[in-house]
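Following: one structure in structure tokens, then a few remarks.
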Amino acid sequence: MGRVEVRPAEFTLVRYDAGLIAGITEELAAKVGVPDDLAIVIDVDEELPSPLTGSAVGIVDGTAVLWFSGGNFEDGRRRMEFDEAMARNELALSLFRARDRLQPGFAGAPPDDELSEAQRGVWDTWADGRAARIGEEVRPVRRQYIFRLYNGFTDVADAAFERLWSADELTWADLEAIGAECAEADPRPQAKRKGFRQESFRR
């Protein structure tokens with residue numbers, strides 16, 4: 001488990017256990033297929049509780065850096081308490097996207113802070129579908145609602161969701177093409193809003 005580093009090593013504002021998070025991450029990394037020699041850093045901002053939730057994935061100098069707000073792992077019924085099921089889902093989804101970023105087919109994928117909400121919705125849907133297939137607990141109804149919110153409440157978007165949910169191998173170009181199909185069929189004005197920004201939580 002030495003390849004997984006959790007920051008902070010000791011939580012003071014929330015009742016989380018860094019060792020438990022590292023262990024879950026190591027287990028999930030094996031299930032997801034993350035290379036054994038890839039170092040993983042889990043950076044949890046415990047100063048950001050629910051409902052301030054957000055996550056980001058990057059490959060920095062050969063290390064997978066996964067950032068989460070503290071709210072991503074928080075029990076919705078008990079403030080500051082760790083929700084293992086929630087954390088497993090968030091970690092599995094982010095590990096799949098980290099693995100994707102290592103593939104040649106994702107060389108052109110923008111950094112997370114440059115993804116639009118629609119692009120992030122497409123990618124997260126594919127990641128969540130794969131998490132379901134490795135036996136992790138997911139919430140497909142919630143995921144589909146989020147997907148529709150940014151990619152359209154249309155038959156085209158619903159068909160795209162099903163394709164993403166069941167797909168095994170895709171490239172960034174494939175995800176872009178699916179997103180473009182949804183945008184073309186969406187009658188709403190295209191706001192082209194950017195997605196999650198870590199710095200926006202501090203304003």
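Ligands are numbered from 1 in the order shown, chains are lettered A, B, ... in the order of the structure tokens, and residues start at 1 in each chain.
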Hey, could you make a per-residue contact list for region 104-124 of chain A against region 156-180 of chain A with 9 Å as the cut-off, showing the nearest pair of atoms and its distance in Å to one decimal, counting only C-alpha atoms, sorted by chain and number, as CSV?
```
residue,atom,partner,partner_atom,distance
A:Pro104,CA,A:Thr171,CA,8.4
A:Gly105,CA,A:Thr171,CA,4.8
A:Phe106,CA,A:Trp172,CA,5.0
A:Ala107,CA,A:Trp172,CA,7.9
A:Gly108,CA,A:Trp172,CA,7.0
A:Ala109,CA,A:Trp172,CA,6.0
A:Ala118,CA,A:Gly179,CA,7.0
A:Gln119,CA,A:Gly179,CA,6.6
A:Gly121,CA,A:Gly179,CA,9.0
A:Val122,CA,A:Leu175,CA,6.6
A:Trp123,CA,A:Leu175,CA,6.9
```
Using N, CA and C atoms, can you write the selected residues to a file as a PDB file, in the first residue's frame?
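What landed in result.pdb:
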```
ATOM      1  N   PRO A 104      -3.068   6.079 -24.883  1.00  0.00           N
ATOM      2  CA  PRO A 104      -2.779   6.923 -26.043  1.00  0.00           C
ATOM      3  C   PRO A 104      -4.019   7.611 -26.610  1.00  0.00           C
ATOM      4  N   GLY A 105      -5.165   6.942 -26.542  1.00  0.00           N
ATOM      5  CA  GLY A 105      -6.390   7.503 -27.088  1.00  0.00           C
ATOM      6  C   GLY A 105      -6.915   8.701 -26.318  1.00  0.00           C
ATOM      7  N   PHE A 106      -6.311   9.004 -25.168  1.00  0.00           N
ATOM      8  CA  PHE A 106      -6.726  10.158 -24.368  1.00  0.00           C
ATOM      9  C   PHE A 106      -5.640  11.230 -24.302  1.00  0.00           C
ATOM     10  N   ALA A 107      -4.672  11.139 -25.194  1.00  0.00           N
ATOM     11  CA  ALA A 107      -3.584  12.120 -25.197  1.00  0.00           C
ATOM     12  C   ALA A 107      -4.104  13.534 -25.426  1.00  0.00           C
ATOM     13  N   GLY A 108      -5.191  13.666 -26.171  1.00  0.00           N
ATOM     14  CA  GLY A 108      -5.737  14.988 -26.458  1.00  0.00           C
ATOM     15  C   GLY A 108      -6.794  15.466 -25.497  1.00  0.00           C
ATOM     16  N   ALA A 109      -7.068  14.706 -24.436  1.00  0.00           N
ATOM     17  CA  ALA A 109      -8.102  15.113 -23.479  1.00  0.00           C
ATOM     18  C   ALA A 109      -7.643  16.329 -22.692  1.00  0.00           C
ATOM     19  N   ALA A 118     -20.735  19.413 -19.882  1.00  0.00           N
ATOM     20  CA  ALA A 118     -21.239  18.366 -20.766  1.00  0.00           C
ATOM     21  C   ALA A 118     -20.175  17.298 -20.993  1.00  0.00           C
ATOM     22  N   GLN A 119     -18.927  17.717 -21.232  1.00  0.00           N
ATOM     23  CA  GLN A 119     -17.847  16.749 -21.436  1.00  0.00           C
ATOM     24  C   GLN A 119     -17.617  15.917 -20.190  1.00  0.00           C
ATOM     25  N   GLY A 121     -19.802  15.263 -17.940  1.00  0.00           N
ATOM     26  CA  GLY A 121     -20.937  14.354 -17.799  1.00  0.00           C
ATOM     27  C   GLY A 121     -20.802  13.110 -18.652  1.00  0.00           C
ATOM     28  N   VAL A 122     -20.283  13.265 -19.862  1.00  0.00           N
ATOM     29  CA  VAL A 122     -20.062  12.124 -20.756  1.00  0.00           C
ATOM     30  C   VAL A 122     -19.019  11.186 -20.164  1.00  0.00           C
ATOM     31  N   TRP A 123     -17.902  11.748 -19.740  1.00  0.00           N
ATOM     32  CA  TRP A 123     -16.797  10.931 -19.217  1.00  0.00           C
ATOM     33  C   TRP A 123     -17.179  10.233 -17.923  1.00  0.00           C
TER      34      TRP A 123
END
```
Determine which residues of region 60-146 of chain A DSSP labels as alpha helix (DSSP H) from the backbone of this structure, then write them out as a VMD selection string.
chain A and resid 84 to 101 117 to 133 140 to 146
Near region 46-61 of chain A, 10 Å: region 88-152 of chain A residue rows, closest pairs, only C-alpha atoms, as a tab-separated table:
```
residue	atom	partner	partner_atom	distance
A:Glu90	CA	A:Ser55	CA	8.3
A:Leu91	CA	A:Ser55	CA	9.6
A:Leu93	CA	A:Val57	CA	9.9
A:Ser94	CA	A:Val57	CA	6.3
A:Leu95	CA	A:Val57	CA	8.2
A:Phe96	CA	A:Val57	CA	9.8
A:Arg97	CA	A:Val57	CA	7.0
A:Ala98	CA	A:Val57	CA	6.2
A:Arg99	CA	A:Ile59	CA	9.3
A:Arg101	CA	A:Ile59	CA	7.2
A:Leu102	CA	A:Ile59	CA	7.8
A:Pro111	CA	A:Gly58	CA	7.0
A:Asp112	CA	A:Ala56	CA	6.0
A:Asp113	CA	A:Ala56	CA	7.8
```
CA of Thr63 (chain A) and CA of Ala39 (chain A) are how many Å apart?
5.0 Å
Figure out the distance between CA of Val41 (chain A) and CA of Glu26 (chain A), please, to one decimal in Å.
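That distance, rounded to one decimal, is 11.0 Å.
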Mind checking which residues fall within 12 Å of Arg188 (chain A), counting only C-alpha atoms, ignoring those fewer than 4 positions away in the same chain, and posting them as JSON, numbers by chain?
{"A": [148, 149, 150, 151, 152, 153, 154, 182, 183, 184, 192]}
Write to file, as a PDB file, in the first residue's frame, the residues of the selection just made, with C-alpha atoms.
```pdb
ATOM      1  CA  ARG A 148     -29.370  14.733 -19.114  1.00  0.00           C
ATOM      2  CA  LEU A 149     -28.927  18.009 -17.241  1.00  0.00           C
ATOM      3  CA  TYR A 150     -25.837  18.893 -19.264  1.00  0.00           C
ATOM      4  CA  ASN A 151     -26.342  16.862 -22.439  1.00  0.00           C
ATOM      5  CA  GLY A 152     -30.051  17.217 -23.040  1.00  0.00           C
ATOM      6  CA  PHE A 153     -33.390  15.686 -22.130  1.00  0.00           C
ATOM      7  CA  THR A 154     -33.715  14.058 -25.544  1.00  0.00           C
ATOM      8  CA  CYS A 182     -26.114  15.195 -27.860  1.00  0.00           C
ATOM      9  CA  ALA A 183     -25.415  18.902 -28.341  1.00  0.00           C
ATOM     10  CA  GLU A 184     -26.790  18.842 -31.883  1.00  0.00           C
ATOM     11  CA  LYS A 192     -20.794  25.982 -23.054  1.00  0.00           C
TER      12      LYS A 192
END
```
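When CA of Ile40 (chain A) is paired with CA of Val6 (chain A), their separation reads 8.5 Å.
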If we count only C-alpha atoms, what is near region 7-14 of chain A at a cut-off of 9 Å, once residues fewer than 5 positions away on the same chain are taken out, given as a list in words?
Gly19, Val41, Ile42, Asp43, Val44, Asp45, Glu46, Glu47, Pro49, Gly70, Glu74, Arg79, Met80, Glu81 and Phe82 of chain A
Could you pull out the residues in region 34-105 of chain A that DSSP calls strand (DSSP E or B) from the backbone, as an MDAnalysis selection string?
chainID A and resid 39:45 55:60 63:69 74 81:82
Store the residues of this selection in a file with N, CA and C atoms, as an mmCIF file, in the first residue's frame.
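Saved to out_37.cif:
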```
data_model
loop_
_atom_site.group_PDB
_atom_site.id
_atom_site.type_symbol
_atom_site.label_atom_id
_atom_site.label_comp_id
_atom_site.auth_asym_id
_atom_site.auth_seq_id
_atom_site.Cartn_x
_atom_site.Cartn_y
_atom_site.Cartn_z
ATOM 1 N N ALA A 39 2.106 5.611 -9.005
ATOM 2 C CA ALA A 39 1.861 6.189 -7.679
ATOM 3 C C ALA A 39 0.540 6.949 -7.699
ATOM 4 N N ILE A 40 -0.166 6.924 -6.587
ATOM 5 C CA ILE A 40 -1.483 7.567 -6.480
ATOM 6 C C ILE A 40 -1.503 8.476 -5.264
ATOM 7 N N VAL A 41 -1.886 9.713 -5.484
ATOM 8 C CA VAL A 41 -2.061 10.667 -4.382
ATOM 9 C C VAL A 41 -3.539 11.005 -4.283
ATOM 10 N N ILE A 42 -4.096 10.837 -3.090
ATOM 11 C CA ILE A 42 -5.484 11.205 -2.819
ATOM 12 C C ILE A 42 -5.455 12.460 -1.961
ATOM 13 N N ASP A 43 -5.897 13.564 -2.529
ATOM 14 C CA ASP A 43 -5.863 14.854 -1.843
ATOM 15 C C ASP A 43 -7.292 15.238 -1.464
ATOM 16 N N VAL A 44 -7.599 15.213 -0.169
ATOM 17 C CA VAL A 44 -8.948 15.498 0.313
ATOM 18 C C VAL A 44 -8.941 16.850 1.028
ATOM 19 N N ASP A 45 -9.718 17.793 0.527
ATOM 20 C CA ASP A 45 -9.821 19.104 1.166
ATOM 21 C C ASP A 45 -10.916 19.039 2.227
ATOM 22 N N SER A 55 -14.570 17.026 -7.662
ATOM 23 C CA SER A 55 -13.392 16.167 -7.761
ATOM 24 C C SER A 55 -12.646 16.494 -9.041
ATOM 25 N N ALA A 56 -11.375 16.151 -9.063
ATOM 26 C CA ALA A 56 -10.546 16.380 -10.235
ATOM 27 C C ALA A 56 -9.495 15.289 -10.320
ATOM 28 N N VAL A 57 -9.123 14.942 -11.550
ATOM 29 C CA VAL A 57 -8.142 13.887 -11.800
ATOM 30 C C VAL A 57 -7.063 14.434 -12.720
ATOM 31 N N GLY A 58 -5.818 14.150 -12.386
ATOM 32 C CA GLY A 58 -4.719 14.551 -13.250
ATOM 33 C C GLY A 58 -3.565 13.580 -13.147
ATOM 34 N N ILE A 59 -2.752 13.530 -14.182
ATOM 35 C CA ILE A 59 -1.506 12.771 -14.155
ATOM 36 C C ILE A 59 -0.383 13.789 -14.122
ATOM 37 N N VAL A 60 0.335 13.832 -13.024
ATOM 38 C CA VAL A 60 1.365 14.847 -12.803
ATOM 39 C C VAL A 60 2.700 14.149 -12.539
ATOM 40 N N THR A 63 2.453 10.553 -11.710
ATOM 41 C CA THR A 63 1.643 10.228 -10.541
ATOM 42 C C THR A 63 0.189 10.589 -10.802
ATOM 43 N N ALA A 64 -0.727 9.699 -10.426
ATOM 44 C CA ALA A 64 -2.152 10.006 -10.520
ATOM 45 C C ALA A 64 -2.539 10.822 -9.296
ATOM 46 N N VAL A 65 -2.978 12.052 -9.525
ATOM 47 C CA VAL A 65 -3.378 12.932 -8.429
ATOM 48 C C VAL A 65 -4.891 13.078 -8.471
ATOM 49 N N LEU A 66 -5.552 12.594 -7.438
ATOM 50 C CA LEU A 66 -7.015 12.617 -7.349
ATOM 51 C C LEU A 66 -7.414 13.571 -6.226
ATOM 52 N N TRP A 67 -8.082 14.659 -6.602
ATOM 53 C CA TRP A 67 -8.496 15.665 -5.623
ATOM 54 C C TRP A 67 -9.994 15.535 -5.360
ATOM 55 N N PHE A 68 -10.380 15.635 -4.087
ATOM 56 C CA PHE A 68 -11.782 15.572 -3.690
ATOM 57 C C PHE A 68 -12.060 16.629 -2.627
ATOM 58 N N SER A 69 -13.248 17.184 -2.664
ATOM 59 C CA SER A 69 -13.683 17.965 -1.512
ATOM 60 C C SER A 69 -14.037 16.993 -0.395
ATOM 61 N N GLU A 74 -18.498 12.427 2.556
ATOM 62 C CA GLU A 74 -19.249 12.678 3.784
ATOM 63 C C GLU A 74 -20.611 11.992 3.779
ATOM 64 N N GLU A 81 -18.895 12.724 9.125
ATOM 65 C CA GLU A 81 -18.665 11.285 9.225
ATOM 66 C C GLU A 81 -18.382 10.702 7.844
ATOM 67 N N PHE A 82 -17.527 9.703 7.803
ATOM 68 C CA PHE A 82 -17.111 9.059 6.556
ATOM 69 C C PHE A 82 -18.183 8.097 6.068
#
```
